[in-house]
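Peer 1: Just one file: input05.txt, with compact mmCIF, C-alpha atoms and all ligand atoms.
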```txt
# COMPACT_ATOMS: atom_id res chain seq x y z
CA MET A 137 39.22 -5.28 18.88
CA THR A 138 35.71 -6.51 18.08
CA ASP A 139 35.33 -8.60 14.95
CA PHE A 140 32.32 -6.71 13.59
CA SER A 141 32.17 -8.76 10.41
CA ALA A 142 31.48 -11.83 12.54
CA ILE A 143 28.38 -10.09 13.98
CA HIS A 144 26.92 -8.93 10.65
CA THR A 145 28.14 -9.92 7.18
CA PRO A 146 27.33 -7.18 4.64
CA VAL A 147 25.26 -8.43 1.72
CA LEU A 148 26.65 -8.11 -1.84
CA LEU A 149 29.48 -5.96 -0.52
CA GLU A 150 31.63 -5.91 -3.66
CA GLU A 151 28.67 -5.15 -5.90
CA CYS A 152 27.59 -2.26 -3.67
CA VAL A 153 31.11 -0.79 -3.68
CA ARG A 154 31.23 -1.13 -7.47
CA LEU A 155 27.88 0.67 -7.82
CA VAL A 156 28.34 3.43 -5.25
CA THR A 157 31.96 4.52 -5.44
CA PRO A 158 32.20 5.72 -9.09
CA ALA A 159 30.10 8.68 -7.94
CA LEU A 160 32.62 9.47 -5.19
CA SER A 161 35.80 10.18 -7.12
CA LYS A 162 35.88 13.99 -6.72
CA PRO A 163 37.37 15.61 -3.61
CA GLY A 164 34.62 16.63 -1.21
CA SER A 165 32.20 13.93 -2.41
CA VAL A 166 29.50 12.95 0.07
CA VAL A 167 27.83 9.57 0.45
CA VAL A 168 24.91 9.00 2.80
CA ASP A 169 24.53 5.50 4.22
CA CYS A 170 20.92 5.62 5.39
CA THR A 171 21.18 2.25 7.14
CA LEU A 172 24.59 2.36 8.74
CA GLY A 173 24.08 -0.81 10.83
CA LEU A 174 27.51 -2.06 11.84
CA ALA A 175 29.17 -0.05 9.06
CA GLY A 176 30.24 -3.02 6.95
CA HIS A 177 29.25 -1.28 3.73
CA ALA A 178 30.25 2.14 5.06
CA CYS A 179 33.82 1.05 5.84
CA ALA A 180 34.15 -0.47 2.38
CA PHE A 181 32.91 2.76 0.74
CA LEU A 182 35.32 4.87 2.78
CA ALA A 183 38.21 2.56 1.93
CA ALA A 184 37.44 2.52 -1.80
CA ALA A 185 36.69 6.26 -2.07
CA PRO A 186 39.44 8.16 -0.22
CA ASN A 187 38.06 11.53 -1.40
CA ALA A 188 34.64 10.95 0.08
CA ARG A 189 33.09 11.61 3.43
CA LEU A 190 30.22 9.55 4.72
CA ILE A 191 27.15 10.56 6.67
CA GLY A 192 25.86 7.45 8.42
CA ILE A 193 22.26 7.34 9.60
CA ASP A 194 20.73 4.74 11.87
CA ARG A 195 17.71 4.85 14.14
CA ASP A 196 19.23 2.23 16.40
CA ALA A 197 21.49 4.05 18.87
CA GLU A 198 23.33 0.86 19.80
CA ALA A 199 24.17 0.07 16.16
CA LEU A 200 25.27 3.66 15.63
CA ALA A 201 27.65 3.51 18.60
CA MET A 202 29.17 0.22 17.41
CA ALA A 203 29.51 1.52 13.85
CA THR A 204 31.20 4.67 15.09
CA ARG A 205 33.70 2.57 17.02
CA ARG A 206 34.36 0.35 14.03
CA ILE A 207 34.93 3.33 11.72
CA ARG A 208 37.28 4.92 14.24
CA GLU A 209 39.25 1.68 14.57
CA ALA A 210 39.49 1.51 10.76
CA GLY A 211 41.01 5.01 10.73
CA PHE A 212 38.15 6.74 8.91
CA ALA A 213 36.78 8.86 11.76
CA GLY A 214 37.86 12.12 10.08
CA ARG A 215 35.59 11.42 7.12
CA PHE A 216 32.58 10.15 9.02
CA THR A 217 29.54 11.79 10.63
CA PRO A 218 27.12 9.56 12.57
CA VAL A 219 23.50 10.71 12.84
CA HIS A 220 20.86 9.13 15.04
CA ALA A 221 17.70 9.52 12.99
CA ALA A 222 15.18 7.64 10.90
CA PHE A 223 16.16 7.77 7.25
CA ASP A 224 12.97 9.53 6.22
CA GLU A 225 14.44 12.55 8.01
CA LEU A 226 17.10 12.69 5.30
CA SER A 227 16.44 16.29 4.21
CA GLY A 228 16.58 17.53 7.80
CA VAL A 229 19.74 15.51 8.47
CA LEU A 230 21.47 17.06 5.46
CA ALA A 231 20.30 20.55 6.37
CA GLY A 232 21.67 19.99 9.87
CA GLN A 233 25.05 19.12 8.37
CA GLY A 234 25.01 22.10 5.99
CA VAL A 235 24.95 19.75 2.98
CA SER A 236 22.70 20.57 0.03
CA ALA A 237 23.83 17.98 -2.53
CA VAL A 238 25.19 14.46 -2.15
CA ASN A 239 26.90 12.13 -4.59
CA ALA A 240 25.46 8.84 -3.42
CA VAL A 241 22.68 7.54 -1.21
CA PHE A 242 22.85 3.94 -0.08
CA MET A 243 20.24 1.82 1.73
CA ASP A 244 20.57 -1.75 3.02
CA LEU A 245 17.07 -2.23 4.38
CA GLY A 246 15.75 -4.27 7.26
CA LEU A 247 17.48 -5.49 10.38
CA SER A 248 21.11 -6.17 11.11
CA SER A 249 22.10 -9.55 12.48
CA LEU A 250 22.93 -7.74 15.73
CA GLN A 251 19.26 -6.78 16.12
CA ILE A 252 17.96 -10.21 15.16
CA ASP A 253 20.32 -11.93 17.57
CA GLU A 254 19.56 -9.65 20.50
CA ASN A 255 16.97 -11.80 22.19
CA ASP A 256 15.47 -9.13 24.41
CA ARG A 257 14.32 -6.92 21.52
CA GLY A 258 11.59 -9.31 20.46
CA PHE A 259 12.44 -9.39 16.74
CA SER A 260 12.96 -13.12 16.69
CA TYR A 261 10.19 -15.68 16.97
CA SER A 262 12.68 -18.27 18.16
CA HIS A 263 13.31 -16.70 21.58
CA ASN A 264 10.80 -15.78 24.23
CA ALA A 265 10.98 -12.01 24.74
CA PRO A 266 8.70 -9.03 25.27
CA LEU A 267 6.89 -8.08 22.05
CA ASP A 268 8.88 -4.91 21.41
CA MET A 269 10.39 -4.92 17.87
CA ARG A 270 11.38 -1.24 17.84
CA MET A 271 14.53 -0.40 15.94
CA ASP A 272 14.59 2.89 17.86
CA VAL A 273 13.80 2.16 21.48
CA SER A 274 12.80 5.78 22.12
CA GLN A 275 9.79 5.33 19.85
CA LYS A 276 6.44 4.74 21.60
CA LEU A 277 4.83 2.18 19.32
CA THR A 278 5.80 -1.42 20.11
CA ALA A 279 4.50 -4.72 18.77
CA GLU A 280 2.69 -5.20 22.07
CA ARG A 281 0.87 -1.91 21.57
CA VAL A 282 -0.09 -2.83 18.02
CA LEU A 283 -1.55 -6.11 19.22
CA ALA A 284 -3.37 -4.42 22.10
CA SER A 285 -4.81 -1.43 20.26
CA TYR A 286 -5.39 -2.10 16.56
CA ASP A 287 -8.83 -3.33 15.58
CA GLU A 288 -9.35 -6.67 13.92
CA HIS A 289 -9.41 -5.25 10.38
CA ALA A 290 -6.22 -3.26 10.87
CA LEU A 291 -4.44 -6.33 12.23
CA GLU A 292 -5.69 -8.46 9.37
CA ARG A 293 -4.51 -5.87 6.85
CA ILE A 294 -1.01 -5.78 8.35
CA PHE A 295 -0.64 -9.56 8.36
CA ARG A 296 -1.94 -9.80 4.81
CA ALA A 297 -0.07 -6.84 3.30
CA TYR A 298 3.26 -7.14 5.08
CA GLY A 299 3.36 -10.86 5.84
CA GLU A 300 1.35 -12.30 2.94
CA GLU A 301 -0.17 -14.50 5.62
CA ARG A 302 -2.99 -16.72 4.33
CA PHE A 303 -4.64 -16.95 7.73
CA SER A 304 -4.54 -13.21 8.45
CA ARG A 305 -8.22 -12.95 9.24
CA GLN A 306 -8.29 -15.91 11.60
CA ILE A 307 -5.12 -14.78 13.40
CA ALA A 308 -6.43 -11.22 13.78
CA ARG A 309 -9.74 -12.50 15.10
CA GLU A 310 -8.04 -14.74 17.64
CA ILE A 311 -5.78 -11.90 18.83
CA VAL A 312 -8.79 -9.69 19.45
CA ARG A 313 -10.65 -12.50 21.23
CA ARG A 314 -7.71 -13.50 23.44
CA ARG A 315 -6.64 -10.02 24.43
CA GLU A 316 -9.97 -9.47 26.17
CA SER A 317 -8.98 -11.96 28.84
CA GLU A 318 -5.18 -11.75 28.73
CA PRO A 319 -2.81 -9.16 27.20
CA LEU A 320 -0.38 -10.47 24.57
CA THR A 321 3.01 -9.40 25.79
CA THR A 322 5.55 -12.06 24.80
CA SER A 323 6.74 -13.73 21.63
CA SER A 324 5.93 -17.14 23.15
CA GLN A 325 2.30 -16.14 23.58
CA LEU A 326 2.11 -14.95 19.97
CA ASN A 327 3.86 -18.09 18.72
CA ALA A 328 1.38 -20.27 20.61
CA LEU A 329 -1.60 -18.29 19.32
CA VAL A 330 -0.51 -18.58 15.68
CA ASP A 331 0.33 -22.22 16.23
CA ALA A 332 -3.22 -22.85 17.44
CA VAL A 333 -4.81 -21.00 14.50
CA VAL A 334 -2.86 -22.12 11.42
CA PRO A 335 -3.89 -25.64 10.35
CA GLN A 336 -1.06 -28.17 10.19
CA ALA A 337 -1.75 -28.93 6.54
CA HIS A 338 -1.29 -25.30 5.46
CA ARG A 339 1.92 -24.40 7.23
CA PRO A 340 4.81 -22.88 5.33
CA ALA A 341 8.31 -24.25 5.91
CA GLY A 342 9.75 -23.12 9.24
CA ASN A 343 7.96 -21.41 12.07
CA PRO A 344 4.26 -20.75 11.32
CA ALA A 345 4.47 -17.37 13.09
CA LYS A 346 7.35 -16.13 10.91
CA ARG A 347 5.15 -14.03 8.63
CA VAL A 348 3.20 -12.53 11.51
CA PHE A 349 6.43 -11.45 13.21
CA GLN A 350 7.71 -9.94 9.97
CA ALA A 351 4.45 -8.05 9.42
CA LEU A 352 4.47 -6.66 12.96
CA ARG A 353 8.08 -5.52 12.63
CA ILE A 354 7.31 -3.69 9.38
CA GLU A 355 4.31 -2.00 10.99
CA VAL A 356 6.03 -1.08 14.26
CA ASN A 357 8.90 0.57 12.42
CA GLY A 358 6.82 2.08 9.61
CA GLU A 359 9.33 0.50 7.24
CA LEU A 360 7.49 0.82 3.92
CA ASP A 361 6.18 4.32 4.50
CA LYS A 362 9.61 5.50 5.57
CA LEU A 363 11.19 3.99 2.47
CA ALA A 364 8.56 5.60 0.23
CA SER A 365 9.22 9.03 1.63
CA THR A 366 13.02 8.69 1.65
CA LEU A 367 13.57 7.82 -2.01
CA PRO A 368 12.19 11.15 -3.28
CA GLN A 369 14.29 13.00 -0.70
CA ALA A 370 17.36 11.15 -1.95
CA ALA A 371 16.60 12.18 -5.54
CA LEU A 372 16.01 15.80 -4.53
CA HIS A 373 19.46 16.02 -2.94
CA LEU A 374 21.40 14.09 -5.57
CA ALA A 375 24.15 15.95 -7.44
CA LEU A 376 24.38 15.40 -11.18
CA GLY A 377 25.98 11.98 -11.74
CA GLY A 378 24.97 10.99 -8.22
CA ARG A 379 23.72 7.49 -7.47
CA ILE A 380 20.97 5.86 -5.41
CA VAL A 381 21.67 2.23 -4.55
CA VAL A 382 19.21 0.14 -2.53
CA GLU A 383 19.24 -3.42 -1.19
CA SER A 384 15.73 -4.74 -0.37
CA TYR A 385 14.76 -8.01 1.28
CA HIS A 386 10.98 -7.94 1.04
CA SER A 387 8.93 -7.95 -2.16
CA LEU A 388 7.01 -4.83 -1.10
CA GLU A 389 10.24 -2.94 -0.46
CA ASP A 390 11.61 -3.93 -3.83
CA LYS A 391 8.34 -2.97 -5.50
CA GLU A 392 8.55 0.48 -3.94
CA VAL A 393 12.18 0.92 -5.03
CA LYS A 394 11.50 -0.34 -8.54
CA SER A 395 8.46 1.85 -9.08
CA PHE A 396 10.29 4.91 -7.77
CA MET A 397 13.35 4.34 -9.95
CA SER A 398 11.24 3.62 -13.02
CA LEU A 399 9.79 7.14 -12.82
CA GLY A 400 13.12 8.50 -14.04
CA LEU A 401 14.05 5.68 -16.39
CA HIS A 402 11.35 6.32 -18.97
CA ALA A 403 10.26 9.34 -20.97
CA ASP A 404 7.44 11.15 -19.19
CA VAL A 405 5.08 11.29 -22.20
CA PRO A 406 1.95 9.45 -23.31
CA ALA A 407 2.75 6.27 -25.27
CA GLY A 408 3.08 6.81 -29.03
CA LEU A 409 4.15 10.47 -28.95
CA PRO A 410 6.51 10.74 -31.96
CA VAL A 411 8.94 13.29 -30.49
CA ILE A 412 10.00 13.40 -26.85
CA PRO A 413 10.46 16.98 -25.62
CA PRO A 414 13.79 17.54 -23.83
CA ASP A 415 12.07 18.13 -20.50
CA ALA A 416 10.31 14.76 -20.71
CA GLN A 417 13.50 12.75 -21.29
CA PRO A 418 14.46 10.21 -18.59
CA PHE A 419 16.53 11.60 -15.76
CA PHE A 420 17.87 8.34 -14.33
CA ARG A 421 20.21 5.79 -15.90
CA GLU A 422 19.92 2.26 -14.58
CA ILE A 423 23.23 0.96 -13.26
CA THR A 424 22.11 -2.55 -12.29
CA ARG A 425 20.03 -3.89 -15.24
CA GLY A 426 16.97 -4.71 -13.16
CA ALA A 427 17.58 -6.21 -9.75
CA LEU A 428 20.83 -7.97 -8.90
CA LYS A 429 20.45 -11.10 -6.77
CA ALA A 430 22.93 -13.09 -4.74
CA ASP A 431 24.33 -16.18 -6.42
CA GLU A 432 24.40 -19.61 -4.82
CA SER A 433 27.82 -19.25 -3.25
CA GLN A 434 26.90 -15.86 -1.76
CA VAL A 435 23.71 -17.32 -0.28
CA GLU A 436 25.66 -20.23 1.12
CA SER A 437 28.19 -18.02 2.84
CA ASN A 438 25.60 -15.42 3.93
CA PRO A 439 22.03 -16.80 4.14
CA ARG A 440 20.64 -13.28 4.70
CA SER A 441 21.44 -12.55 1.06
CA ALA A 442 18.92 -15.14 -0.21
CA SER A 443 16.13 -12.63 -0.70
CA VAL A 444 18.17 -9.55 -1.62
CA ARG A 445 17.28 -7.39 -4.60
CA LEU A 446 19.89 -4.74 -5.38
CA ARG A 447 18.91 -1.82 -7.62
CA GLY A 448 20.71 1.36 -8.56
CA VAL A 449 20.26 4.46 -10.69
CA GLU A 450 22.38 7.46 -11.62
CA LEU A 451 21.02 10.98 -12.05
CA THR A 452 21.81 11.98 -15.63
CA ARG A 453 20.27 15.46 -15.69
CA ARG A 454 18.65 17.90 -13.34
CA LEU A 455 15.35 16.65 -11.96
CA PRO A 456 12.56 18.06 -14.13
CA GLU A 457 10.60 20.69 -12.23
CA ARG A 458 7.40 18.69 -12.10
CA PHE A 459 9.16 15.68 -10.59
CA ALA A 460 11.02 17.87 -8.13
CA SER A 461 7.75 19.35 -6.90
CA ARG A 462 6.05 15.94 -6.72
CA PHE A 463 8.96 14.51 -4.79
CA GLU A 464 8.93 17.44 -2.40
CA HIS A 465 5.25 16.88 -1.84
CA VAL A 466 5.74 13.17 -1.08
CA ALA A 467 8.73 13.87 1.14
CA GLN A 468 6.73 16.41 3.15
CA GLY A 469 4.14 13.70 3.88
CA ARG A 470 6.87 11.93 5.81
CA SER A 471 5.53 8.92 7.67
CA ASP A 472 4.98 8.48 11.35
CA THR A 473 5.10 5.20 13.20
CA GLY A 474 2.04 5.12 15.32
CA GLY A 475 -1.09 4.21 13.42
CA PRO A 476 -2.69 1.25 11.72
CA ALA A 477 -1.17 0.22 8.40
CA GLN A 478 -2.59 1.74 5.28
CA SER A 479 -2.14 0.04 1.95
CA GLY A 480 1.65 0.38 2.23
CA ASN A 481 2.35 0.11 -1.48
CA ALA A 482 0.50 2.88 -3.26
CA SER A 483 3.75 4.39 -4.40
CA ARG A 484 3.18 4.88 -8.09
CA ASP A 485 0.02 6.87 -7.63
CA LYS A 486 1.63 8.81 -4.84
CA TYR A 487 4.49 9.98 -7.05
CA ARG A 488 2.29 10.61 -10.06
CA ARG A 489 -0.41 12.63 -8.40
CA GLY A 490 1.53 14.01 -5.50
CA ASN A 491 -1.17 12.94 -3.06
CA ALA A 492 1.10 12.05 -0.19
CA ARG A 493 -0.49 11.11 3.09
CA ARG A 494 0.08 13.40 6.01
CA ASN A 495 0.39 11.38 9.15
CA GLY A 496 1.65 14.03 11.51
CA PRO A 497 5.11 14.54 12.93
CA THR A 498 7.49 11.65 13.41
CA LEU A 499 8.13 10.38 16.91
CA ILE A 500 11.85 10.46 16.34
CA SER A 501 13.90 13.60 16.17
CA ASN A 502 17.18 14.09 14.43
CA ARG A 503 19.75 13.71 17.17
CA LYS A 504 23.29 14.15 16.05
CA GLY A 505 25.55 11.45 17.37
C1 LIG B 1 20.73 -4.48 7.33
S1 LIG B 1 21.27 -3.38 8.53
C2 LIG B 1 22.56 -2.52 7.73
C3 LIG B 1 23.86 -3.23 7.79
C4 LIG B 1 25.02 -2.45 7.22
N1 LIG B 1 24.86 -2.22 5.81
C5 LIG B 1 26.33 -3.15 7.49
O1 LIG B 1 26.99 -3.56 6.54
O2 LIG B 1 26.69 -3.29 8.67
C6 LIG B 1 20.00 -2.19 8.52
C7 LIG B 1 20.19 -1.08 9.54
O3 LIG B 1 19.31 -0.04 9.15
C8 LIG B 1 18.69 0.49 10.28
N2 LIG B 1 17.40 1.01 9.85
C9 LIG B 1 16.35 0.32 9.39
N3 LIG B 1 15.34 1.15 9.08
C10 LIG B 1 15.79 2.40 9.35
C11 LIG B 1 15.20 3.69 9.24
N4 LIG B 1 13.96 3.86 8.82
N5 LIG B 1 15.97 4.75 9.56
C12 LIG B 1 17.25 4.60 9.99
N6 LIG B 1 17.83 3.40 10.15
C13 LIG B 1 17.11 2.31 9.83
C14 LIG B 1 18.56 -0.67 11.25
O4 LIG B 1 18.51 -0.18 12.58
C15 LIG B 1 19.84 -1.47 10.95
O5 LIG B 1 20.87 -1.11 11.82
```
Take the structure I supplied and represent it as structure tokens, if you would.
Ligand SMILES: C[S@@+](CC[C@H](N)C(=O)[O-])C[C@H]1O[C@@H](n2cnc3c(N)ncnc32)[C@H](O)[C@@H]1O

Peer 2:
Amino acid sequence: MTDFSAIHTPVLLEECVRLVTPALSKPGSVVVDCTLGLAGHACAFLAAAPNARLIGIDRDAEALAMATRRIREAGFAGRFTPVHAAFDELSGVLAGQGVSAVNAVFMDLGLSSLQIDENDRGFSYSHNAPLDMRMDVSQKLTAERVLASYDEHALERIFRAYGEERFSRQIAREIVRRRESEPLTTSSQLNALVDAVVPQAHRPAGNPAKRVFQALRIEVNGELDKLASTLPQAALHLALGGRIVVESYHSLEDKEVKSFMSLGLHADVPAGLPVIPPDAQPFFREITRGALKADESQVESNPRSASVRLRGVELTRRLPERFASRFEHVAQGRSDTGGPAQSGNASRDKYRRGNARRNGPTLISNRKG
């Protein structure tokens, strides 16, 4: 038997179980794990909620196969449905399963340790590998393609927005200059390029290319856009009393989650209105009191938890009609991976005005596993 917990240690496992499973007490309850990974969280949910079944989504076919094996070995196969899809296909996934309402939606964003440690996938700056970085290897856009085809401004924007890289402009300029004579195809080449551009005196701790790699990964996988279009879909499918629980590891992810959740945590009226009409009352209840973080001992035993922000809400009444239609509008503008980064964090306006971007169909279809 494989020791899956040695490959990936789930972050804040007990806290996630405590937040998710109260919504799963009734027979026939459904929980969607949008980021199944190696099923560490999923197995714990299934163990703690014997009445629930779990739909597990992952866009990484290898992770999905390992998770399926782990769940079978744990004896939960009868309550588990694996789905190979990107999580922003949530509505289609549920329709495909004949499910209209769910009791909990869980997300543990980012990469699993399996993906980081697989040297040939190019996620890690510490191993020389082709610049791939796709979570779903059937997708066309790779990091190499981004570096070869985006113009200087688009590259700069990605490094700045997703990597908070101080030398974004200089790095982007150097990429465009170098690629004219030699294509950038490996992580070693990118490491060397960043190393040559970032002055010694201004280097952050660790590898100077760390932020550039992170930014490329977010872009290649459309991570922020996918998150922004999944949260409204989760709310649209939530049964009364249902819960959305999200673990983020990047400030922009957490910002997106926070701004989405806050839409339902406050009365939808102009400040100072003396009486709040029933339809403008909040529709979410916060179940985490802001963001939960890992404590020192958790970080020590699982360094991946150092940057985690865990947030959760419960649906306390039916979604007001105007939010339901805004969320539908945003969800329909589901993101594609395949174009230069836009601002990436315009979520509040998006939900308020319903001006979702339409980027065309996704490259990934919903393949049932
Ligand atoms: C941090 S891991 C999840 C680990 C899992 N909670 C566990 O305990 O084993 C994140 C997983 O989500 C998947 N993932 C990331 N973005 C996704 C997306 N947009 N759609 C579907 N899966 C995604 C990754 O492939 C990865 O396997």

Peer 1: Using all atoms listed in the file, pick whichever of A:Met271, A:Ile191, A:Val168, A:Met202 has the shortest atom-to-atom distance to Gln369 (chain A).

Peer 2: A:Val168

Peer 1: State, in Å with one decimal place, the distance from CA of Asn327 (chain A) to CA of Ala345 (chain A).

Peer 2: 5.7 Å

Peer 1: Counting all atoms listed in the file, which residues have an atom no more than 12 Å from (6.3, -10.1, -2.5) in the file's coordinates? Please list them as a PyMOL selection string.

Peer 2: chain A and resi 296-301+347+384-392+443-445+481

Peer 1: So, counting only C-alpha atoms and all ligand atoms, which residue among A:Ser161, A:Ser441, A:Ser395, A:Asn357 is closest to ligand LIG 1 (chain B)?

Peer 2: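 Comparing A:Ser161, A:Ser441, A:Ser395, A:Asn357 against ligand LIG 1 (chain B), the winner is A:Asn357.
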
Peer 1: May I ask which of the residues A:Leu226, A:Met397, A:Ala180, A:Ala210 is the closest one to Val241 (chain A), counting all atoms listed in the file?

Peer 2: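 Smallest distance to Val241 (chain A) is found for A:Leu226.
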
Peer 1: Which protein, DNA or RNA residues have an atom within 9 Å of ligand LIG 1 (chain B), counting all atoms listed in the file, as a PyMOL selection string?

Peer 2: chain A and resi 140-141+143-147+149+169-180+193-200+203+220-225+242-251+270-272+357-363+366+383

Peer 1: CA of Ser461 (chain A) to CA of Gly228 (chain A): how many Å, to one decimal?

Peer 2: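 The value is 17.2 Å.
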
Peer 1: Would you mind telling me which residue in A:Ser165, A:Gln306, A:Thr217, A:Gln350 lies nearest to Ala237 (chain A) when using all atoms listed in the file?

Peer 2: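 Checking each candidate against Ala237 (chain A), we get A:Ser165 as the closest.
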
Peer 1: Between CA of Val282 (chain A) and CA of Ala337 (chain A), what is the distance, to one decimal in Å?

Peer 2: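 These two atoms are separated by 28.6 Å.
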
Peer 1: I'd like to know which of A:Val393, A:Leu455, A:Leu283, A:Val435 is closest to Gln417 (chain A), using all atoms listed in the file.

Peer 2: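 Of the candidates, the smallest distance to Gln417 (chain A) is held by A:Leu455.
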
Peer 1: Show me, as a list of chain:residue names, the residues that have an atom within 10 Å of Pro335 (chain A) when counting all atoms listed in the file, minus same-chain residues fewer than 4 positions from it.

Peer 2: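 Non-adjacent residues within range: A:Phe303, A:Val330, A:Asp331, A:Arg339, A:Pro344.
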
Peer 1: Here is a test: counting only C-alpha atoms, which residue of A:Gly378, A:Ala460, A:Arg453, A:Val411 is nearest to Ala240 (chain A)?

Peer 2: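 Closest candidate: A:Gly378.
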
Peer 1: Leaving out His402 (chain A) and any residue of its chain fewer than 2 positions from it, which residues lie within 12 Å of it when counting all atoms listed in the file, given as a list in words?

Peer 2: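 So the residues in contact are Ser395, Phe396, Met397, Ser398, Leu399, Gly400, Asp404, Val405, Pro406, Ala407, Ile412, Asp415, Ala416, Gln417, Pro418, Phe419, Phe420, Arg421 and Glu422 of chain A.
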
Peer 1: Centre and edge lengths of an axis-aligned box around all listed atoms of region 328-333 of chain A, with 5 Å added on each side, are to be given in Å to one decimal, as lines of an AutoDock Vina configuration file.

Peer 2:
```
center_x = -1.7
center_y = -20.6
center_z = 17.6
size_x = 16.2
size_y = 14.6
size_z = 16.1
```

Peer 1: Would you mind putting back N, CA and C atoms on region 238-255 of chain A, then writing it out as a PDB file, in the frame of the given file?

Peer 2:
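The resulting rebuild.pdb:
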```
ATOM      1  N   VAL A 238      24.355  15.619  -2.459  1.00  0.00           N
ATOM      2  CA  VAL A 238      25.190  14.460  -2.150  1.00  0.00           C
ATOM      3  C   VAL A 238      25.458  13.674  -3.426  1.00  0.00           C
ATOM      4  N   ASN A 239      26.501  12.857  -3.382  1.00  0.00           N
ATOM      5  CA  ASN A 239      26.900  12.130  -4.590  1.00  0.00           C
ATOM      6  C   ASN A 239      26.388  10.689  -4.604  1.00  0.00           C
ATOM      7  N   ALA A 240      26.031  10.183  -3.457  1.00  0.00           N
ATOM      8  CA  ALA A 240      25.460   8.840  -3.420  1.00  0.00           C
ATOM      9  C   ALA A 240      24.611   8.664  -2.168  1.00  0.00           C
ATOM     10  N   VAL A 241      23.528   7.918  -2.346  1.00  0.00           N
ATOM     11  CA  VAL A 241      22.680   7.540  -1.210  1.00  0.00           C
ATOM     12  C   VAL A 241      22.548   6.025  -1.258  1.00  0.00           C
ATOM     13  N   PHE A 242      22.865   5.398  -0.142  1.00  0.00           N
ATOM     14  CA  PHE A 242      22.850   3.940  -0.080  1.00  0.00           C
ATOM     15  C   PHE A 242      21.887   3.484   1.011  1.00  0.00           C
ATOM     16  N   MET A 243      21.140   2.405   0.728  1.00  0.00           N
ATOM     17  CA  MET A 243      20.240   1.820   1.730  1.00  0.00           C
ATOM     18  C   MET A 243      20.365   0.305   1.692  1.00  0.00           C
ATOM     19  N   ASP A 244      20.514  -0.287   2.870  1.00  0.00           N
ATOM     20  CA  ASP A 244      20.570  -1.750   3.020  1.00  0.00           C
ATOM     21  C   ASP A 244      19.476  -2.045   4.049  1.00  0.00           C
ATOM     22  N   LEU A 245      18.266  -2.302   3.535  1.00  0.00           N
ATOM     23  CA  LEU A 245      17.070  -2.230   4.380  1.00  0.00           C
ATOM     24  C   LEU A 245      16.967  -3.372   5.391  1.00  0.00           C
ATOM     25  N   GLY A 246      16.050  -3.191   6.313  1.00  0.00           N
ATOM     26  CA  GLY A 246      15.750  -4.270   7.260  1.00  0.00           C
ATOM     27  C   GLY A 246      16.579  -4.212   8.525  1.00  0.00           C
ATOM     28  N   LEU A 247      16.782  -5.380   9.091  1.00  0.00           N
ATOM     29  CA  LEU A 247      17.480  -5.490  10.380  1.00  0.00           C
ATOM     30  C   LEU A 247      18.904  -5.948  10.180  1.00  0.00           C
ATOM     31  N   SER A 248      19.763  -5.584  11.114  1.00  0.00           N
ATOM     32  CA  SER A 248      21.110  -6.170  11.110  1.00  0.00           C
ATOM     33  C   SER A 248      21.059  -7.465  11.918  1.00  0.00           C
ATOM     34  N   SER A 249      22.056  -8.297  11.723  1.00  0.00           N
ATOM     35  CA  SER A 249      22.100  -9.550  12.480  1.00  0.00           C
ATOM     36  C   SER A 249      22.203  -9.259  13.974  1.00  0.00           C
ATOM     37  N   LEU A 250      22.830  -8.133  14.323  1.00  0.00           N
ATOM     38  CA  LEU A 250      22.930  -7.740  15.730  1.00  0.00           C
ATOM     39  C   LEU A 250      21.521  -7.639  16.329  1.00  0.00           C
ATOM     40  N   GLN A 251      20.624  -6.968  15.602  1.00  0.00           N
ATOM     41  CA  GLN A 251      19.260  -6.780  16.120  1.00  0.00           C
ATOM     42  C   GLN A 251      18.516  -8.111  16.199  1.00  0.00           C
ATOM     43  N   ILE A 252      18.678  -8.926  15.176  1.00  0.00           N
ATOM     44  CA  ILE A 252      17.960 -10.210  15.160  1.00  0.00           C
ATOM     45  C   ILE A 252      18.441 -11.089  16.314  1.00  0.00           C
ATOM     46  N   ASP A 253      19.755 -11.032  16.555  1.00  0.00           N
ATOM     47  CA  ASP A 253      20.320 -11.930  17.570  1.00  0.00           C
ATOM     48  C   ASP A 253      20.145 -11.421  19.000  1.00  0.00           C
ATOM     49  N   GLU A 254      19.752 -10.154  19.130  1.00  0.00           N
ATOM     50  CA  GLU A 254      19.560  -9.650  20.500  1.00  0.00           C
ATOM     51  C   GLU A 254      18.187 -10.106  20.995  1.00  0.00           C
ATOM     52  N   ASN A 255      18.207 -11.126  21.825  1.00  0.00           N
ATOM     53  CA  ASN A 255      16.970 -11.800  22.190  1.00  0.00           C
ATOM     54  C   ASN A 255      15.945 -10.903  22.871  1.00  0.00           C
TER      55      ASN A 255
END
```
